[in-house]
file entry05.txt (compact mmCIF, C-alpha atoms and all ligand atoms)
# COMPACT_ATOMS: atom_id res chain seq x y z
CA MET A 1 -5.23 15.13 31.50
CA ASN A 2 -3.63 11.88 30.45
CA ALA A 3 -5.86 10.06 27.98
CA ARG A 4 -6.78 6.43 28.59
CA PRO A 5 -6.02 4.39 25.45
CA ILE A 6 -8.83 2.47 23.74
CA ASP A 7 -7.52 -1.05 23.14
CA GLY A 8 -8.76 -1.90 19.65
CA LYS A 9 -6.91 -5.18 19.68
CA ALA A 10 -8.83 -6.39 22.74
CA ILE A 11 -12.22 -5.20 21.43
CA ALA A 12 -11.52 -6.80 18.04
CA ALA A 13 -10.62 -10.06 19.83
CA ASP A 14 -14.06 -10.00 21.54
CA ILE A 15 -15.76 -9.51 18.18
CA ALA A 16 -13.60 -12.24 16.61
CA GLY A 17 -14.85 -14.59 19.34
CA GLU A 18 -18.47 -13.73 18.46
CA ASN A 19 -17.68 -14.22 14.76
CA ALA A 20 -16.22 -17.67 15.46
CA PHE A 21 -19.28 -18.62 17.53
CA ARG A 22 -21.67 -17.52 14.77
CA ALA A 23 -19.55 -19.28 12.10
CA ALA A 24 -19.65 -22.53 14.12
CA ARG A 25 -23.44 -22.25 14.41
CA LEU A 26 -23.63 -21.83 10.64
CA ARG A 27 -21.35 -24.80 10.00
CA ASP A 28 -23.57 -26.93 12.25
CA ALA A 29 -26.47 -25.86 10.04
CA GLY A 30 -24.54 -26.91 6.92
CA THR A 31 -23.13 -23.57 5.69
CA VAL A 32 -19.45 -22.61 5.86
CA PRO A 33 -19.24 -18.81 5.46
CA GLY A 34 -16.87 -17.88 2.63
CA LEU A 35 -15.06 -14.67 1.62
CA ALA A 36 -13.55 -14.19 -1.83
CA VAL A 37 -10.89 -11.49 -1.98
CA ILE A 38 -9.67 -10.14 -5.30
CA ILE A 39 -6.36 -8.33 -5.57
CA VAL A 40 -5.20 -6.90 -8.87
CA GLY A 41 -1.51 -6.10 -9.33
CA ASP A 42 1.30 -6.39 -6.83
CA ASP A 43 1.11 -3.40 -4.48
CA PRO A 44 3.02 -4.69 -1.42
CA ALA A 45 0.85 -2.91 1.19
CA SER A 46 -2.35 -4.25 -0.43
CA ARG A 47 -0.89 -7.76 -0.42
CA ILE A 48 -0.26 -7.56 3.32
CA TYR A 49 -3.79 -6.24 4.00
CA VAL A 50 -5.32 -9.00 1.89
CA ARG A 51 -3.29 -11.70 3.60
CA ASN A 52 -4.38 -10.42 7.03
CA LYS A 53 -8.03 -10.43 5.94
CA ALA A 54 -7.79 -14.04 4.71
CA LEU A 55 -5.98 -15.14 7.89
CA ALA A 56 -8.65 -13.54 10.10
CA CYS A 57 -11.34 -15.45 8.19
CA GLU A 58 -9.54 -18.75 8.61
CA LYS A 59 -9.04 -18.12 12.33
CA ALA A 60 -12.80 -17.63 12.75
CA GLY A 61 -13.57 -20.85 10.85
CA LEU A 62 -14.58 -19.29 7.52
CA ASN A 63 -13.43 -20.25 4.05
CA SER A 64 -11.41 -17.61 2.28
CA TRP A 65 -10.04 -17.46 -1.22
CA VAL A 66 -7.52 -14.89 -2.43
CA HIS A 67 -7.64 -14.37 -6.19
CA ALA A 68 -4.49 -12.54 -7.30
CA LEU A 69 -4.92 -11.18 -10.82
CA PRO A 70 -2.23 -9.50 -12.95
CA ALA A 71 -2.07 -5.69 -13.08
CA ASN A 72 -3.02 -5.72 -16.78
CA THR A 73 -6.28 -7.62 -16.22
CA PRO A 74 -8.90 -6.09 -18.55
CA GLN A 75 -12.00 -4.51 -16.98
CA GLU A 76 -14.36 -7.01 -18.70
CA ARG A 77 -12.38 -9.96 -17.35
CA LEU A 78 -12.49 -8.62 -13.81
CA VAL A 79 -16.22 -7.88 -14.04
CA GLY A 80 -16.84 -11.33 -15.57
CA PHE A 81 -14.98 -12.94 -12.69
CA ILE A 82 -17.03 -10.99 -10.14
CA ARG A 83 -20.25 -12.14 -11.85
CA GLN A 84 -19.02 -15.72 -11.54
CA LEU A 85 -18.48 -15.20 -7.79
CA ASN A 86 -21.92 -13.56 -7.52
CA GLY A 87 -23.40 -16.86 -8.74
CA ASP A 88 -21.29 -19.10 -6.49
CA PRO A 89 -23.36 -20.21 -3.46
CA THR A 90 -20.23 -21.01 -1.40
CA VAL A 91 -19.18 -17.33 -1.58
CA HIS A 92 -21.01 -15.02 0.87
CA GLY A 93 -18.69 -12.04 0.67
CA ILE A 94 -16.74 -10.49 -2.21
CA LEU A 95 -14.05 -7.89 -1.60
CA VAL A 96 -12.02 -6.15 -4.28
CA GLN A 97 -8.95 -4.63 -2.67
CA LEU A 98 -8.56 -0.93 -3.50
CA PRO A 99 -6.96 0.98 -5.06
CA LEU A 100 -7.10 -0.81 -8.42
CA PRO A 101 -4.32 -0.21 -10.97
CA ARG A 102 -5.04 2.09 -13.91
CA PRO A 103 -6.98 2.09 -16.15
CA LEU A 104 -9.45 -0.09 -14.20
CA ASP A 105 -12.64 1.75 -13.21
CA SER A 106 -13.12 0.90 -9.53
CA ARG A 107 -16.65 2.33 -9.33
CA ALA A 108 -17.84 0.12 -12.22
CA VAL A 109 -16.05 -2.86 -10.64
CA ILE A 110 -17.76 -2.30 -7.26
CA GLU A 111 -21.15 -1.96 -8.95
CA ALA A 112 -20.66 -5.43 -10.49
CA ILE A 113 -20.66 -7.00 -7.00
CA ASP A 114 -24.00 -8.43 -5.85
CA PRO A 115 -25.05 -5.97 -3.06
CA ALA A 116 -25.95 -9.02 -0.92
CA LYS A 117 -22.25 -10.05 -1.06
CA ASP A 118 -20.76 -6.53 -0.86
CA VAL A 119 -19.09 -6.99 2.55
CA ASP A 120 -17.15 -3.72 2.12
CA GLY A 121 -20.44 -1.80 1.95
CA PHE A 122 -19.24 0.20 -1.08
CA HIS A 123 -22.03 -0.64 -3.59
CA TYR A 124 -24.55 2.18 -4.23
CA HIS A 125 -27.28 -0.04 -2.77
CA ASN A 126 -25.49 -0.30 0.59
CA VAL A 127 -24.34 3.34 0.55
CA GLY A 128 -27.97 4.38 -0.02
CA ALA A 129 -29.20 2.15 2.80
CA LEU A 130 -26.69 3.80 5.15
CA VAL A 131 -27.89 7.28 4.12
CA VAL A 132 -31.48 6.26 4.92
CA GLY A 133 -30.43 4.50 8.14
CA GLU A 134 -31.56 1.05 7.03
CA PRO A 135 -29.76 -2.19 7.90
CA ALA A 136 -27.12 -3.03 5.30
CA PHE A 137 -23.50 -3.93 4.94
CA TYR A 138 -21.67 -0.99 6.45
CA PRO A 139 -18.07 -0.06 5.50
CA CYS A 140 -15.81 -1.95 7.90
CA THR A 141 -13.57 0.82 9.22
CA PRO A 142 -16.21 3.37 10.30
CA TRP A 143 -18.45 0.57 11.55
CA GLY A 144 -15.50 -0.67 13.62
CA VAL A 145 -15.15 2.84 15.08
CA MET A 146 -18.85 2.83 16.07
CA LYS A 147 -18.42 -0.57 17.71
CA MET A 148 -15.39 0.71 19.63
CA LEU A 149 -17.34 3.70 20.96
CA GLU A 150 -20.24 1.43 21.92
CA HIS A 151 -17.91 -1.03 23.65
CA GLU A 152 -16.32 1.77 25.69
CA GLY A 153 -19.73 3.10 26.77
CA ILE A 154 -19.24 6.39 24.90
CA ALA A 155 -22.77 7.54 24.07
CA VAL A 156 -22.47 9.73 20.97
CA GLU A 157 -26.06 11.01 21.04
CA GLY A 158 -26.05 14.78 21.40
CA MET A 159 -22.26 15.03 21.13
CA HIS A 160 -20.46 17.18 18.61
CA ALA A 161 -18.41 14.83 16.43
CA VAL A 162 -15.80 16.29 14.09
CA VAL A 163 -14.60 14.05 11.26
CA VAL A 164 -11.42 15.10 9.47
CA GLY A 165 -11.42 13.46 6.02
CA ARG A 166 -14.15 12.98 3.42
CA SER A 167 -13.16 9.73 1.70
CA THR A 168 -15.77 7.30 0.41
CA ILE A 169 -14.19 4.47 2.42
CA VAL A 170 -14.01 6.24 5.80
CA GLY A 171 -14.86 9.95 6.19
CA LYS A 172 -18.29 10.11 4.53
CA PRO A 173 -19.70 6.83 5.92
CA MET A 174 -18.24 7.73 9.34
CA ALA A 175 -20.14 11.03 9.31
CA LEU A 176 -23.38 9.26 8.30
CA MET A 177 -23.07 6.64 11.03
CA LEU A 178 -22.47 9.34 13.64
CA VAL A 179 -25.48 11.31 12.36
CA ASN A 180 -27.62 8.16 12.49
CA ALA A 181 -26.48 7.63 16.08
CA GLY A 182 -27.67 11.13 17.06
CA ALA A 183 -24.42 13.11 17.02
CA THR A 184 -24.06 16.62 15.62
CA VAL A 185 -21.45 16.16 12.91
CA THR A 186 -18.98 18.47 11.21
CA VAL A 187 -16.91 17.12 8.31
CA CYS A 188 -13.56 18.83 7.63
CA HIS A 189 -11.12 18.20 4.81
CA SER A 190 -8.09 19.58 3.00
CA LYS A 191 -9.95 22.75 1.92
CA THR A 192 -11.31 23.57 5.38
CA ARG A 193 -10.31 27.02 6.64
CA ASP A 194 -8.97 27.31 10.19
CA LEU A 195 -9.15 23.58 10.77
CA ALA A 196 -7.93 23.81 14.36
CA ALA A 197 -10.81 26.12 15.35
CA ILE A 198 -13.24 23.41 14.23
CA THR A 199 -11.40 20.34 15.52
CA ARG A 200 -11.23 22.07 18.94
CA GLN A 201 -15.06 21.90 19.08
CA GLY A 202 -15.22 18.11 18.80
CA ASP A 203 -16.33 16.08 21.81
CA ILE A 204 -15.38 13.24 19.49
CA LEU A 205 -12.64 13.82 16.93
CA VAL A 206 -12.09 11.26 14.15
CA ALA A 207 -8.92 11.71 12.10
CA ALA A 208 -9.01 10.01 8.69
CA VAL A 209 -6.82 12.13 6.43
CA GLY A 210 -3.74 10.02 5.75
CA ARG A 211 -1.19 12.61 6.94
CA ALA A 212 1.22 11.52 9.62
CA ARG A 213 0.68 13.18 13.04
CA MET A 214 -1.20 16.19 11.62
CA ILE A 215 -3.62 16.45 14.58
CA ARG A 216 -1.69 18.00 17.46
CA GLY A 217 -2.68 18.57 21.06
CA ASP A 218 -3.52 22.26 20.50
CA MET A 219 -6.19 21.17 17.96
CA VAL A 220 -8.10 19.05 20.48
CA LYS A 221 -10.81 19.97 22.99
CA PRO A 222 -9.80 19.09 26.56
CA GLY A 223 -11.45 15.79 27.49
CA ALA A 224 -12.32 14.82 23.89
CA VAL A 225 -12.44 11.24 22.60
CA VAL A 226 -9.91 11.01 19.76
CA ILE A 227 -10.13 8.23 17.16
CA ASP A 228 -7.14 7.83 14.86
CA VAL A 229 -7.97 6.05 11.60
CA GLY A 230 -4.64 6.88 9.91
CA ILE A 231 -1.93 4.36 9.15
CA ASN A 232 1.16 6.11 7.82
CA ARG A 233 4.63 4.74 7.35
CA LEU A 234 7.45 7.00 8.54
CA PRO A 235 10.82 7.17 6.74
CA ASP A 236 12.30 4.88 9.44
CA GLY A 237 9.69 2.21 8.58
CA LYS A 238 7.63 2.68 11.77
CA LEU A 239 3.84 3.07 11.61
CA CYS A 240 2.08 6.13 12.94
CA GLY A 241 -1.41 7.58 12.80
CA ASP A 242 -2.85 10.93 11.73
CA VAL A 243 -2.74 11.98 15.38
CA ASP A 244 0.35 13.17 17.21
CA TYR A 245 -0.19 10.73 20.09
CA ALA A 246 2.15 12.30 22.66
CA SER A 247 0.71 15.84 22.53
CA VAL A 248 -2.94 14.75 22.05
CA ALA A 249 -2.83 12.22 24.92
CA ARG A 250 -2.08 15.14 27.27
CA VAL A 251 -5.38 16.84 26.30
CA ALA A 252 -7.89 14.09 25.37
CA SER A 253 -9.74 11.76 27.75
CA ARG A 254 -9.59 8.72 25.44
CA ILE A 255 -7.42 7.97 22.42
CA THR A 256 -6.88 5.07 20.02
CA PRO A 257 -3.25 4.05 19.43
CA VAL A 258 -1.66 3.20 16.07
CA PRO A 259 -1.05 0.32 15.68
CA GLY A 260 -3.54 -1.56 17.87
CA GLY A 261 -6.49 0.84 17.61
CA VAL A 262 -8.87 1.04 14.66
CA GLY A 263 -6.85 -1.31 12.39
CA PRO A 264 -7.80 -4.60 14.10
CA MET A 265 -11.46 -3.45 14.24
CA THR A 266 -11.63 -3.11 10.44
CA ILE A 267 -10.74 -6.76 9.95
CA ALA A 268 -13.07 -7.96 12.72
CA MET A 269 -15.98 -6.11 11.08
CA LEU A 270 -15.15 -7.57 7.67
CA VAL A 271 -15.40 -11.08 9.12
CA ALA A 272 -18.63 -10.06 10.92
CA ASN A 273 -20.09 -8.82 7.62
CA THR A 274 -19.15 -12.05 5.84
CA VAL A 275 -20.72 -14.15 8.61
CA HIS A 276 -23.81 -11.96 8.39
CA GLY A 277 -23.98 -12.52 4.62
CA ALA A 278 -23.83 -16.27 5.20
CA GLU A 279 -26.50 -16.07 7.91
CA LYS A 280 -28.79 -14.20 5.54
CA ALA A 281 -28.13 -16.72 2.75
CA ALA A 282 -28.93 -19.55 5.19
CA GLY A 283 -32.07 -17.77 6.40
CA ILE A 284 -30.93 -17.40 10.03
CA ALA A 285 -30.00 -13.72 10.24
CA ALA A 286 -31.79 -11.02 12.15
CA ASP A 287 -31.55 -7.69 10.32
CA ARG A 288 -30.86 -5.81 13.51
CA GLU A 289 -27.48 -7.55 13.83
CA THR A 290 -26.12 -5.04 11.34
CA ARG A 291 -27.84 -2.06 12.93
CA ILE A 292 -25.68 0.52 14.61
CA ALA A 293 -26.37 0.74 18.32
N1 LIG B 1 -8.18 -0.35 0.66
C1 LIG B 1 -8.01 0.36 1.81
N2 LIG B 1 -9.03 0.11 2.67
C2 LIG B 1 -9.86 -0.75 2.04
C3 LIG B 1 -11.08 -1.36 2.42
O1 LIG B 1 -11.64 -1.15 3.51
N3 LIG B 1 -11.63 -2.19 1.50
C4 LIG B 1 -11.05 -2.42 0.29
N4 LIG B 1 -11.69 -3.25 -0.54
N5 LIG B 1 -9.93 -1.87 -0.10
C5 LIG B 1 -9.34 -1.03 0.80

call {"tool": "encode", "arguments": {"input": "entry05.txt", "output": "structure tokens", "more": "lines below"}}
Ligand code: GUN
result
Amino acid sequence: MNARPIDGKAIAADIAGENAFRAARLRDAGTVPGLAVIIVGDDPASRIYVRNKALACEKAGLNSWVHALPANTPQERLVGFIRQLNGDPTVHGILVQLPLPRPLDSRAVIEAIDPAKDVDGFHYHNVGALVVGEPAFYPCTPWGVMKMLEHEGIAVEGMHAVVVGRSTIVGKPMALMLVNAGATVTVCHSKTRDLAAITRQGDILVAAVGRARMIRGDMVKPGAVVIDVGINRLPDGKLCGDVDYASVARVASRITPVPGGVGPMTIAMLVANTVHGAEKAAGIAADRETRIA
């Protein structure tokens, strides 16, 4: 088998087009959707991510503001600033780039965000809504994966999906979204015994561990759909995923590349969430627009 790549860049471009259309409709109705991004400290990778998020907003016709705060910003100042943004009617989405420098308490910071502006979907309110299967802001990366599967006509209902990774940002919400969509889900992680025996059962295999090329072809079921959420930098500066593309592409039926797979989807879904927040604030949103399939 030679897996057909899933072109995340092209799917994200489709979604970006929809985002721009919805943003224009909002502007005509007198609301410019706005995203406020907070970055604390000077982690170079975080700075690049934040810049790309702001650029994507501008391209779709949204306002975006990047608030760069010093690494020694006290917790109370950061929380006070978030409260100020909560009360600002021109701000429809608030994103605090993670990880935060020590000793900031990221959970307490996230809980300070108004759930109606929590476009990352990290607030307990939105996490709870996802568990129950209610419409909410869903975390951008796993929601982007669901949109990719939907776009490619891959019906997950009844499939066995194996998620490798149990992070709060990707692995756990990914598993919940797949369960909500009717898949049978197994979650594996660093303590899982005989990982390969489990990954080989996945009709869909999602790798979100943050270890370069750890999923090899002999760990994949023939014909599986393989989604690579990892972005790892190799010593030579090149990017690679958690999946060993060359060996897995010989076994799988579909595979997402890195770069150009899940990455562009994350940003497209962030803009979609911000537009949705603005639509709700303007009273023109249908709840089902955030529902998964
Ligand atoms: N850091 C890595 N991924 C993310 C994300 O999706 N949202 C935020 N806020 N920070 C991140």

call {"tool": "residues_around", "arguments": {"input": "entry05.txt", "residues": "Arg4 in chain A", "least_positions_apart": "2", "cutoff": "7 Å", "atoms": "only C-alpha atoms", "output": "MDAnalysis selection string"}}
result
chainID A and resid 2 6 253:255

call {"tool": "atom_distance", "arguments": {"input": "entry05.txt", "atom1": "atom N1 of ligand LIG 1 (chain B)", "atom2": "CA of Asp43 in chain A"}}
result
11.0 Å

call {"tool": "closest_residue", "arguments": {"input": "entry05.txt", "among": "A:Ala136, A:Val40, A:Val163, A:Ala246", "to": "ligand LIG 1 (chain B)", "atoms": "only C-alpha atoms and all ligand atoms"}}
result
A:Val40

call {"tool": "residues_near_ligand", "arguments": {"input": "entry05.txt", "ligand": "ligand LIG 1 (chain B)", "cutoff": "8 Å", "atoms": "all atoms listed in the file", "output": "list of chain:residue names"}}
result
A:Ser46, A:Leu95, A:Val96, A:Gln97, A:Leu98, A:Pro99, A:Asp120, A:Pro139, A:Cys140, A:Thr141, A:Ile169, A:Thr266

call {"tool": "atom_distance", "arguments": {"input": "entry05.txt", "atom1": "CA of Lys9 in chain A", "atom2": "CA of Ala56 in chain A"}}
result
12.8 Å

call {"tool": "closest_residue", "arguments": {"input": "entry05.txt", "among": "A:Ile198, A:Val226, A:Ile154, A:Leu69", "to": "Phe81 in chain A", "atoms": "only C-alpha atoms"}}
result
A:Leu69

call {"tool": "residues_around", "arguments": {"input": "entry05.txt", "residues": "range 15-32 of chain A", "least_positions_apart": "2", "cutoff": "8 Å", "atoms": "only C-alpha atoms", "output": "JSON, numbers by chain"}}
result
{"A": [11, 12, 13, 34, 59, 60, 61, 62, 63, 90, 268, 269, 271, 272, 275, 278, 279, 282]}

call {"tool": "closest_residue", "arguments": {"input": "entry05.txt", "among": "A:Leu130, A:Ala116, A:Ala3, A:Leu270", "to": "Arg250 in chain A", "atoms": "all atoms listed in the file"}}
result
A:Ala3

call {"tool": "atom_distance", "arguments": {"input": "entry05.txt", "atom1": "CA of Tyr138 in chain A", "atom2": "CA of His151 in chain A"}}
result
17.6 Å

call {"tool": "residues_around", "arguments": {"input": "entry05.txt", "residues": "Phe137 in chain A", "least_positions_apart": "4", "cutoff": "10 Å", "atoms": "only C-alpha atoms", "output": "VMD selection string"}}
result
chain A and resid 115 to 123 125 to 127 129 to 130 143 269 to 270 272 to 274 276 to 277 290 to 291

call {"tool": "write_last_selection", "arguments": {"input": "entry05.txt", "atoms": "C-alpha atoms", "output": "PDB file, keeping the file's coordinate frame"}}
result
ATOM      1  CA  PRO A 115     -25.050  -5.970  -3.060  1.00  0.00           C
ATOM      2  CA  ALA A 116     -25.950  -9.020  -0.920  1.00  0.00           C
ATOM      3  CA  LYS A 117     -22.250 -10.050  -1.060  1.00  0.00           C
ATOM      4  CA  ASP A 118     -20.760  -6.530  -0.860  1.00  0.00           C
ATOM      5  CA  VAL A 119     -19.090  -6.990   2.550  1.00  0.00           C
ATOM      6  CA  ASP A 120     -17.150  -3.720   2.120  1.00  0.00           C
ATOM      7  CA  GLY A 121     -20.440  -1.800   1.950  1.00  0.00           C
ATOM      8  CA  PHE A 122     -19.240   0.200  -1.080  1.00  0.00           C
ATOM      9  CA  HIS A 123     -22.030  -0.640  -3.590  1.00  0.00           C
ATOM     10  CA  HIS A 125     -27.280  -0.040  -2.770  1.00  0.00           C
ATOM     11  CA  ASN A 126     -25.490  -0.300   0.590  1.00  0.00           C
ATOM     12  CA  VAL A 127     -24.340   3.340   0.550  1.00  0.00           C
ATOM     13  CA  ALA A 129     -29.200   2.150   2.800  1.00  0.00           C
ATOM     14  CA  LEU A 130     -26.690   3.800   5.150  1.00  0.00           C
ATOM     15  CA  TRP A 143     -18.450   0.570  11.550  1.00  0.00           C
ATOM     16  CA  MET A 269     -15.980  -6.110  11.080  1.00  0.00           C
ATOM     17  CA  LEU A 270     -15.150  -7.570   7.670  1.00  0.00           C
ATOM     18  CA  ALA A 272     -18.630 -10.060  10.920  1.00  0.00           C
ATOM     19  CA  ASN A 273     -20.090  -8.820   7.620  1.00  0.00           C
ATOM     20  CA  THR A 274     -19.150 -12.050   5.840  1.00  0.00           C
ATOM     21  CA  HIS A 276     -23.810 -11.960   8.390  1.00  0.00           C
ATOM     22  CA  GLY A 277     -23.980 -12.520   4.620  1.00  0.00           C
ATOM     23  CA  THR A 290     -26.120  -5.040  11.340  1.00  0.00           C
ATOM     24  CA  ARG A 291     -27.840  -2.060  12.930  1.00  0.00           C
TER      25      ARG A 291
END

call {"tool": "closest_residue", "arguments": {"input": "entry05.txt", "among": "A:Ile227, A:Val220, A:Ala196, A:Val37", "to": "Met174 in chain A", "atoms": "only C-alpha atoms"}}
result
A:Ile227

call {"tool": "closest_residue", "arguments": {"input": "entry05.txt", "among": "A:Ile215, A:Ala252, A:Val50, A:Ala224", "to": "Gly202 in chain A", "atoms": "all atoms listed in the file"}}
result
A:Ala224

call {"tool": "axis_aligned_box", "arguments": {"input": "entry05.txt", "around": "range 133-151 of chain A", "padding_each_side": "8 Å", "output": "lines of an AutoDock Vina configuration file"}}
result
center_x = -22.6
center_y = 0.3
center_z = 14.3
size_x = 34.0
size_y = 24.4
size_z = 34.7

call {"tool": "residues_around", "arguments": {"input": "entry05.txt", "residues": "Asp244 in chain A", "least_positions_apart": "4", "cutoff": "8 Å", "atoms": "all atoms listed in the file", "output": "ChimeraX atom specification"}}
result
/A:212-217,248

call {"tool": "residues_around", "arguments": {"input": "entry05.txt", "residues": "Met219 in chain A", "least_positions_apart": "6", "cutoff": "8 Å", "atoms": "all atoms listed in the file", "output": "JSON, numbers by chain"}}
result
{"A": [196, 197, 199, 200]}

call {"tool": "closest_residue", "arguments": {"input": "entry05.txt", "among": "A:Ile82, A:Ala181, A:Val91, A:Ala155", "to": "Glu111 in chain A", "atoms": "only C-alpha atoms"}}
result
A:Ile82
